[in-house]
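What follows is final_20.cif (mmCIF, C-alpha atoms).
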```cif
data_target
loop_
_atom_site.label_atom_id
_atom_site.label_comp_id
_atom_site.auth_asym_id
_atom_site.auth_seq_id
_atom_site.Cartn_x
_atom_site.Cartn_y
_atom_site.Cartn_z
CA MET A 1 0.57 -15.79 -15.56
CA GLN A 2 -0.86 -12.85 -17.53
CA LEU A 3 0.38 -9.34 -16.75
CA ARG A 4 -3.05 -8.23 -15.54
CA GLU A 5 -3.29 -11.21 -13.17
CA LEU A 6 0.22 -10.54 -11.91
CA VAL A 7 -0.59 -6.90 -11.12
CA GLN A 8 -3.84 -7.96 -9.48
CA GLU A 9 -1.97 -10.40 -7.27
CA LEU A 10 1.18 -8.43 -6.45
CA GLY A 11 0.27 -4.79 -7.10
CA TYR A 12 2.15 -2.45 -9.45
CA PHE A 13 5.35 -1.98 -7.46
CA ASN A 14 5.94 -5.64 -6.57
CA SER A 15 5.01 -6.72 -10.10
CA THR A 16 7.62 -4.35 -11.51
CA LEU A 17 10.32 -5.82 -9.26
CA TYR A 18 9.22 -9.32 -10.17
CA LEU A 19 9.34 -8.59 -13.90
CA ILE A 20 12.76 -6.92 -13.63
CA ASN A 21 14.02 -10.11 -11.93
CA ARG A 22 12.61 -12.23 -14.74
CA LEU A 23 14.16 -9.98 -17.39
CA ALA A 24 17.55 -9.85 -15.63
CA ALA A 25 17.58 -13.65 -15.36
CA LYS A 26 16.77 -13.92 -19.07
CA LEU A 27 19.53 -11.48 -19.99
CA LYS A 28 21.90 -13.18 -17.53
CA ILE A 29 22.45 -9.92 -15.61
CA THR A 30 23.33 -10.35 -11.93
CA LEU A 31 20.63 -7.90 -10.87
CA CYS A 32 18.03 -9.17 -8.45
CA PHE A 33 15.37 -7.57 -6.27
CA PHE A 34 14.10 -9.11 -3.06
CA LYS A 35 11.19 -7.67 -1.17
CA TYR A 36 10.19 -9.02 2.21
CA TYR A 37 7.30 -8.28 4.52
CA PHE A 38 8.16 -8.71 8.18
CA VAL A 39 5.35 -10.32 10.12
CA VAL A 40 4.73 -11.31 13.71
CA GLN A 41 2.31 -13.97 14.81
CA PRO A 42 0.98 -14.69 18.29
CA LEU A 43 1.58 -18.24 19.46
CA ALA A 44 -1.13 -20.11 21.28
CA MET A 45 -1.66 -23.41 23.04
CA GLN A 46 -4.91 -23.74 21.14
CA ALA A 47 -4.26 -25.87 18.06
CA PHE A 48 -5.24 -24.89 14.51
CA LEU A 49 -5.64 -28.57 13.67
CA PRO A 50 -8.99 -29.99 14.78
CA LYS A 51 -8.87 -32.78 17.36
CA GLY A 52 -8.33 -36.13 15.70
CA ARG A 53 -6.45 -34.77 12.69
CA GLY A 54 -2.75 -35.49 12.17
CA LYS A 55 -2.76 -38.43 14.58
CA ASN A 56 -0.55 -40.47 12.25
CA LEU A 57 2.06 -37.71 12.14
CA GLU A 58 5.02 -37.63 14.49
CA VAL A 59 6.94 -34.41 15.10
CA ILE A 60 10.48 -34.65 16.45
CA GLU A 61 13.32 -32.22 17.02
CA LEU A 62 16.30 -32.99 14.81
CA PRO A 63 19.57 -32.36 16.65
CA SER A 64 22.53 -30.72 14.97
CA GLY A 65 24.64 -33.34 13.24
CA PHE A 66 21.56 -35.39 12.32
CA GLN A 67 22.60 -37.29 9.18
CA PRO A 68 21.37 -37.33 6.54
CA HIS A 69 19.39 -34.18 7.29
CA PRO A 70 16.02 -34.44 5.51
CA CYS A 71 15.57 -30.67 4.97
CA PRO A 72 16.29 -30.15 1.26
CA ARG A 73 18.83 -27.37 1.66
CA PRO A 74 22.59 -27.41 1.02
CA ALA A 75 24.62 -29.01 3.83
CA THR A 76 26.51 -25.72 4.39
CA VAL A 77 23.19 -23.89 4.97
CA ILE A 78 22.03 -26.55 7.45
CA VAL A 79 25.34 -26.38 9.34
CA ASP A 80 25.13 -22.57 9.45
CA ARG A 81 21.59 -22.68 10.84
CA TYR A 82 22.61 -24.96 13.70
CA ARG A 83 25.67 -22.80 14.29
CA GLN A 84 23.31 -19.86 14.80
CA GLY A 85 21.41 -21.92 17.39
CA ALA A 86 18.41 -22.84 15.24
CA VAL A 87 15.99 -25.60 16.16
CA CYS A 88 14.53 -27.87 13.47
CA LEU A 89 11.25 -29.69 14.04
CA ALA A 90 10.48 -32.38 11.49
CA ALA A 91 7.23 -34.22 10.78
CA TYR A 92 7.18 -37.87 9.79
CA LYS A 93 4.33 -40.03 8.56
CA ASP A 94 5.04 -43.71 9.05
CA LYS A 95 8.76 -42.85 9.27
CA GLU A 96 8.61 -40.96 5.95
CA PHE A 97 9.84 -37.36 6.10
CA ALA A 98 6.90 -35.03 5.44
CA GLY A 99 8.19 -31.56 6.30
CA CYS A 100 10.03 -29.37 8.74
CA LEU A 101 10.22 -25.91 10.19
CA TRP A 102 13.03 -23.95 11.76
CA TYR A 103 13.18 -21.31 14.46
CA LEU A 104 15.70 -19.59 16.61
CA LYS A 105 15.92 -17.08 19.40
CA HIS A 106 17.63 -13.68 19.67
CA GLN A 107 18.73 -13.10 16.06
CA TYR A 108 18.92 -14.56 12.57
CA ARG A 109 21.35 -13.90 9.73
CA GLU A 110 19.34 -13.93 6.49
CA ASP A 111 20.65 -16.41 3.93
CA GLU A 112 19.15 -14.87 0.78
CA VAL A 113 20.46 -11.35 1.17
CA ARG A 114 22.94 -9.66 3.52
CA CYS A 115 21.07 -8.58 6.65
CA LEU A 116 20.60 -9.48 10.27
CA TYR A 117 17.31 -9.64 12.16
CA LYS A 118 17.48 -8.98 15.89
CA LEU A 119 14.45 -9.80 17.98
CA GLY A 120 13.45 -6.93 20.22
CA SER A 121 11.75 -9.22 22.72
CA GLU A 122 12.91 -12.09 24.89
CA ASN A 123 9.58 -13.86 24.50
CA ALA A 124 9.74 -14.12 20.72
CA VAL A 125 11.43 -16.39 18.18
CA TRP A 126 12.20 -16.11 14.49
CA ASP A 127 10.63 -18.86 12.37
CA PHE A 128 11.85 -19.61 8.88
CA ASP A 129 11.92 -22.10 6.03
CA VAL A 130 8.69 -23.96 6.72
CA TYR A 131 8.99 -26.79 4.23
CA VAL A 132 6.41 -29.45 3.35
CA GLU A 133 7.14 -32.26 0.88
CA PRO A 134 5.03 -31.79 -2.29
CA LYS A 135 2.95 -34.94 -1.73
CA PHE A 136 1.93 -33.69 1.74
CA ARG A 137 1.11 -30.07 0.76
CA LEU A 138 -2.65 -30.47 1.25
CA SER A 139 -2.31 -32.74 4.25
CA PRO A 140 -2.33 -31.64 7.92
CA VAL A 141 1.51 -31.65 8.00
CA PHE A 142 1.95 -27.87 8.01
CA LEU A 143 -0.63 -27.28 10.75
CA LYS A 144 0.73 -30.20 12.79
CA LEU A 145 4.23 -28.71 12.64
CA TRP A 146 2.94 -25.26 13.54
CA ASP A 147 0.82 -26.55 16.44
CA GLU A 148 3.65 -28.65 17.86
CA ALA A 149 6.09 -25.74 17.60
CA SER A 150 3.58 -23.37 19.22
CA THR A 151 2.92 -25.72 22.13
CA LYS A 152 6.62 -26.31 22.70
CA LEU A 153 7.45 -22.60 22.56
CA VAL A 154 4.51 -21.43 24.68
CA ASN A 155 5.64 -23.95 27.33
CA GLU A 156 9.06 -22.26 27.21
CA GLY A 157 7.46 -18.85 27.79
CA ILE A 158 7.55 -17.70 24.16
CA ALA A 159 4.45 -15.83 22.97
CA TRP A 160 5.34 -14.50 19.49
CA SER A 161 7.03 -15.59 16.31
CA PHE A 162 8.56 -13.22 13.79
CA SER A 163 9.27 -14.15 10.20
CA ARG A 164 9.70 -12.66 6.76
CA ILE A 165 7.65 -13.48 3.69
CA SER A 166 8.61 -12.70 0.12
CA ALA A 167 6.32 -10.07 -1.39
CA PHE A 168 6.21 -12.31 -4.47
CA ASN A 169 4.63 -15.14 -2.45
CA THR A 170 1.12 -13.81 -1.87
CA PRO A 171 -0.44 -17.20 -0.99
CA SER A 172 2.00 -17.54 1.89
CA LEU A 173 1.32 -13.98 3.06
CA SER A 174 -2.44 -14.46 2.97
CA ALA A 175 -2.15 -17.82 4.78
CA GLN A 176 -0.08 -16.21 7.54
CA LYS A 177 -2.58 -13.37 7.87
CA ARG A 178 -5.42 -15.87 8.19
CA MET A 179 -3.48 -17.45 11.05
CA GLY A 180 -3.30 -14.11 12.83
CA ALA A 181 0.00 -12.67 11.55
CA LEU A 182 0.45 -8.90 11.52
CA VAL A 183 2.66 -7.10 9.00
CA ILE A 184 5.11 -4.90 10.92
CA GLY A 185 7.33 -3.66 8.10
CA TRP A 186 8.99 -4.32 4.77
CA ALA A 187 12.38 -4.18 3.11
CA VAL A 188 13.52 -4.09 -0.51
CA PHE A 189 17.00 -5.32 -1.41
CA MET A 190 18.55 -4.63 -4.78
CA ARG A 191 21.59 -6.76 -5.48
CA LEU A 192 23.86 -6.07 -8.42
CA GLY A 193 27.03 -8.10 -8.23
CA PHE A 194 28.49 -7.32 -4.81
CA LEU A 195 26.49 -4.13 -4.40
CA GLN A 196 23.44 -4.38 -2.17
CA LEU A 197 21.10 -1.44 -1.74
CA THR A 198 18.48 -1.74 0.98
CA ILE A 199 15.42 0.43 1.46
CA ALA A 200 13.14 -0.47 4.36
CA SER A 201 10.28 0.82 6.45
CA LEU A 202 12.30 -0.01 9.57
CA SER A 203 15.57 1.44 10.83
CA PRO A 204 18.17 1.81 9.28
CA TYR A 205 15.73 2.64 6.40
CA ILE A 206 18.51 2.93 3.79
CA HIS A 207 21.73 0.94 3.64
CA ILE A 208 24.43 0.36 1.05
CA SER A 209 26.69 -2.65 1.30
CA LEU A 210 29.66 -3.55 -0.85
CA SER A 211 31.01 -6.50 1.15
CA GLU A 212 29.91 -9.55 3.13
CA ASN A 213 30.82 -7.81 6.39
CA LYS A 214 28.53 -4.83 5.88
CA PHE A 215 24.84 -5.40 6.28
CA PRO A 216 21.76 -3.71 7.72
CA VAL A 217 20.53 -4.83 11.13
CA PHE A 218 16.79 -4.76 11.67
CA THR A 219 15.54 -4.86 15.23
CA LEU A 220 12.03 -6.25 15.16
CA GLN A 221 9.65 -5.03 17.81
CA LEU A 222 6.35 -6.48 18.98
CA PRO A 223 3.22 -4.52 18.07
CA LYS A 224 2.32 -1.93 20.71
CA SER A 225 -1.28 -3.00 21.35
CA MET B 1 -30.68 -27.90 -2.17
CA PRO B 2 -28.74 -30.07 -4.67
CA LEU B 3 -25.51 -31.57 -3.34
CA GLN B 4 -23.33 -29.52 -5.68
CA ASN B 5 -24.89 -26.25 -4.53
CA GLN B 6 -24.41 -27.20 -0.88
CA ILE B 7 -20.72 -27.87 -1.54
CA ILE B 8 -20.30 -24.60 -3.44
CA GLU B 9 -21.92 -22.81 -0.51
CA ILE B 10 -19.39 -24.40 1.85
CA LEU B 11 -16.49 -23.51 -0.46
CA ASN B 12 -17.56 -19.89 -0.81
CA GLY B 13 -18.13 -19.57 2.93
CA THR B 14 -14.80 -21.18 3.81
CA LEU B 15 -12.43 -19.74 1.24
CA GLN B 16 -13.84 -16.24 1.00
CA ALA B 17 -11.89 -16.06 -2.25
CA LYS B 18 -11.80 -12.96 -4.43
CA GLN B 19 -13.58 -14.92 -7.16
CA GLU B 20 -17.03 -16.47 -6.74
CA ILE B 21 -16.85 -20.27 -6.95
CA SER B 22 -19.16 -22.04 -9.38
CA ALA B 23 -19.52 -25.60 -10.69
CA GLU B 24 -16.95 -24.84 -13.41
CA THR B 25 -14.30 -23.42 -11.08
CA ALA B 26 -10.99 -25.25 -10.91
CA LEU B 27 -9.81 -25.25 -7.31
CA LEU B 28 -6.19 -26.34 -6.94
CA GLY B 29 -3.67 -24.00 -8.47
CA THR B 30 -6.21 -21.33 -9.39
CA ILE B 31 -7.41 -20.08 -6.01
CA PRO B 32 -4.53 -18.68 -3.93
CA GLU B 33 -6.52 -19.17 -0.73
CA PHE B 34 -6.70 -22.91 -1.37
CA ASP B 35 -4.04 -24.30 0.97
CA SER B 36 -3.77 -27.02 3.59
CA MET B 37 -5.50 -24.87 6.20
CA ALA B 38 -8.43 -24.27 3.84
CA VAL B 39 -8.59 -27.99 3.06
CA ILE B 40 -8.88 -28.90 6.74
CA THR B 41 -11.60 -26.28 7.22
CA ILE B 42 -13.54 -27.55 4.18
CA ILE B 43 -13.23 -31.19 5.29
CA THR B 44 -14.45 -30.28 8.77
CA ALA B 45 -17.39 -28.34 7.30
CA LEU B 46 -18.29 -31.29 5.02
CA GLU B 47 -18.12 -33.71 7.95
CA ASP B 48 -20.40 -31.45 10.00
CA ARG B 49 -22.88 -30.91 7.15
CA PHE B 50 -23.13 -34.50 5.88
CA GLY B 51 -22.30 -36.54 8.98
CA PHE B 52 -19.48 -38.68 7.56
CA THR B 53 -15.86 -38.78 8.66
CA VAL B 54 -12.84 -38.30 6.45
CA ASP B 55 -9.56 -39.96 7.30
CA ASP B 56 -6.32 -37.95 6.85
CA ASP B 57 -5.19 -40.46 4.24
CA GLU B 58 -8.26 -39.73 2.11
CA ILE B 59 -7.21 -36.08 1.74
CA ASP B 60 -5.62 -36.11 -1.67
CA ALA B 61 -4.94 -33.47 -4.32
CA SER B 62 -7.16 -35.31 -6.82
CA VAL B 63 -10.18 -34.73 -4.55
CA PHE B 64 -9.69 -30.97 -4.69
CA GLU B 65 -8.82 -30.46 -8.34
CA THR B 66 -12.24 -29.09 -9.26
CA VAL B 67 -15.66 -28.54 -7.75
CA GLY B 68 -16.75 -31.64 -9.70
CA SER B 69 -14.07 -33.88 -8.18
CA LEU B 70 -15.03 -32.68 -4.70
CA VAL B 71 -18.71 -33.37 -5.38
CA ALA B 72 -17.78 -36.88 -6.61
CA PHE B 73 -15.81 -37.46 -3.41
CA VAL B 74 -18.77 -36.44 -1.23
CA GLU B 75 -21.09 -38.66 -3.29
CA ARG B 76 -18.76 -41.63 -2.68
CA LYS B 77 -18.71 -40.89 1.05
CA LEU B 78 -22.51 -40.71 1.15
CA ALA B 79 -23.03 -43.89 -0.91
#
```
Structure rendered as structure tokens:
Amino acid sequence: MQLRELVQELGYFNSTLYLINRLAAKLKITLCFFKYYFVVQPLAMQAFLPKGRGKNLEVIELPSGFQPHPCPRPATVIVDRYRQGAVCLAAYKDKEFAGCLWYLKHQYREDEVRCLYKLGSENAVWDFDVYVEPKFRLSPVFLKLWDEASTKLVNEGIAWSFSRISAFNTPSLSAQKRMGALVIGWAVFMRLGFLQLTIASLSPYIHISLSENKFPVFTLQLPKS
Amino acid sequence: MPLQNQIIEILNGTLQAKQEISAETALLGTIPEFDSMAVITIITALEDRFGFTVDDDEIDASVFETVGSLVAFVERKLA
């Protein structure tokens, strides 16, 4: 991607962080920036997928201990997600794994950087790691997963879903916005070895961590109106 | 209106991309707005406009590579 295109897509600040990451990786320096936007999306019974689409897709909940787990993440990460109380919904087409999404209630410990998200509402969940197998990326798999999760959660009294999106992933951010997501904040994490510096638009705003046991806690609130 | 222009009209109306779509525009990988949700919307709009039905299994990346490949797909459906 050309520099001009990068700036057009990410803006000056996010492009700078992105380029520093690229340079640090090239120079084998353990410096890395992460920038997340926190978003919240209303859940609805009304499906995004038009009637008749996705009929050959089956969505099931995968219990903890499901082996082999089809989500392409390390086994330790999968175990940790279930330990936190996460739910995994997986889509299958003719018994072939097509994708999955995860969500949990109350709080989520981020697995990319050191921080904890607490949900400031009982009728909200945290959704994360929506994965679709490459061959199904244009298919109705993503919308089928989202619709099934929405229906299930709305039936349980849940009305909102929080998540975080990397500022370097603009297609994902624009897709979420088109589905009704609202940006409620952002956070930048700079990691250099064990040092983690956090600057965020939400409390605690600034945080310095030098160990695994010290991390910022973000309490995510629903929009006021 | 020629078939290609009708399809471009649907694409521009559906994607509302930053760039104007023309016959030469590559779709997949060049337009950030082009994702599975956009594909479903475009397929639905094509079905409504031309009166055919598209099965989920017919939705393939090769169909959406370029405006030309999408036009060829619609021509096959109308044949």
Could you give me, as a Markdown table, every stretch 24-141 of chain A residue with an atom at most 9 Å from stretch 58-69 of chain B, plus its closest atom pair and distance in Å to one decimal, counting all atoms listed in the file, rows ordered by chain then number?
```
| residue | atom | partner | partner_atom | distance |
| --- | --- | --- | --- | --- |
| A:Lys135 | CA | B:Ala61 | CA | 8.4 |
| A:Phe136 | CA | B:Asp60 | CA | 8.6 |
| A:Arg137 | CA | B:Ala61 | CA | 8.6 |
| A:Leu138 | CA | B:Ala61 | CA | 6.7 |
| A:Ser139 | CA | B:Ile59 | CA | 6.4 |
```
Export of the given selection (C-alpha atoms) as a JSON list (two decimals), in the frame of the given file:
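Generated file (part-v9.json):
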```json
[["chain", "number", "residue", "atom", "x", "y", "z"],
["A", 135, "LYS", "CA", 2.95, -34.94, -1.73],
["A", 136, "PHE", "CA", 1.93, -33.69, 1.74],
["A", 137, "ARG", "CA", 1.11, -30.07, 0.76],
["A", 138, "LEU", "CA", -2.65, -30.47, 1.25],
["A", 139, "SER", "CA", -2.31, -32.74, 4.25]]
```
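Every chain B residue lying within 10 Å of chain A, based on all atoms listed in the file, is listed here: Leu28, Ile31, Pro32, Glu33, Phe34, Asp35, Ser36, Met37, Ala38, Val39, Ile40, Thr41, Thr44, Val54, Asp55, Asp56, Asp57, Glu58, Ile59, Asp60, Ala61 and Phe64 of chain B.
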One-decimal distance in Å that lies between atom CA of B:Thr53 and atom CA of B:Glu9: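 Atom-to-atom, atom CA of B:Glu9 and atom CA of B:Thr53 are spaced 19.4 Å apart.
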Between atom CA of A:Glu61 and atom CA of A:Trp102, distance in Å (one decimal):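 So the answer is 9.8 Å.
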Contacts of A:Thr151 at 12 Å (only C-alpha atoms; same-chain gap of 6+ positions) as a VMD selection string: chain A and resid 42 to 48 59 144 to 145 157 to 160
Residue contacts of B:Ile10 (8 Å, only C-alpha atoms) excluding same-chain residues fewer than 5 positions away, as a PyMOL selection string: chain B and resi 42+45-46
Distance of atom CA of A:Ile208 from atom CA of A:Thr30, expressed in Å to one decimal place: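 Value for the atom CA of A:Thr30-atom CA of A:Ile208 distance: 16.9 Å.
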A:Gln196 environment, 7 Å, all atoms listed in the file, sequence neighbours closer than 2 positions dropped, as a count of residues only: 9
Polymer residues at most 8 Å from stretch 71-78 of chain B, only C-alpha atoms, same-chain spacing of 6 or more positions, as a list in words: Leu3, Gln4, Ile7, Phe50, Phe52 and Val63 of chain B
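Residue neighbourhood of A:Leu101, excluding near-sequence residues (fewer than 5 positions): A:Cys88, A:Leu89, A:Ala90, A:Asp127, A:Phe128, A:Asp129, A:Val130, A:Tyr131, A:Leu145, at 8 Å, using all atoms listed in the file.
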Okay, now the selection with C-alpha atoms, as a PDB file, in the frame of the given file?
```pdb
ATOM      1  CA  CYS A  88      14.530 -27.870  13.470  1.00  0.00           C
ATOM      2  CA  LEU A  89      11.250 -29.690  14.040  1.00  0.00           C
ATOM      3  CA  ALA A  90      10.480 -32.380  11.490  1.00  0.00           C
ATOM      4  CA  ASP A 127      10.630 -18.860  12.370  1.00  0.00           C
ATOM      5  CA  PHE A 128      11.850 -19.610   8.880  1.00  0.00           C
ATOM      6  CA  ASP A 129      11.920 -22.100   6.030  1.00  0.00           C
ATOM      7  CA  VAL A 130       8.690 -23.960   6.720  1.00  0.00           C
ATOM      8  CA  TYR A 131       8.990 -26.790   4.230  1.00  0.00           C
ATOM      9  CA  LEU A 145       4.230 -28.710  12.640  1.00  0.00           C
TER      10      LEU A 145
END
```
Among the residues B:Leu27, B:Met1, B:Leu70, B:Ala79, the one that comes closest to B:Leu15 [using all atoms listed in the file]: B:Leu27
For A:Leu202, the nearest of the candidates A:Tyr108, A:Val125, A:Gly65, A:Tyr36, counting all atoms listed in the file: A:Tyr36
Where is the centre and how long are the edges: axis-aligned box on stretch 140-156 of chain A, 5 Å on each side, Å to one decimal, as JSON:
```
{"center_x": 3.4, "center_y": -26.5, "center_z": 17.6, "size_x": 21.4, "size_y": 20.2, "size_z": 29.4}
```
Of the listed residues A:Gln84, A:Ser64, A:Gln107, A:Gln221, that which approaches A:Ser121 most closely, counting all atoms listed in the file: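 That would be A:Gln221, the residue with the smallest distance to A:Ser121.
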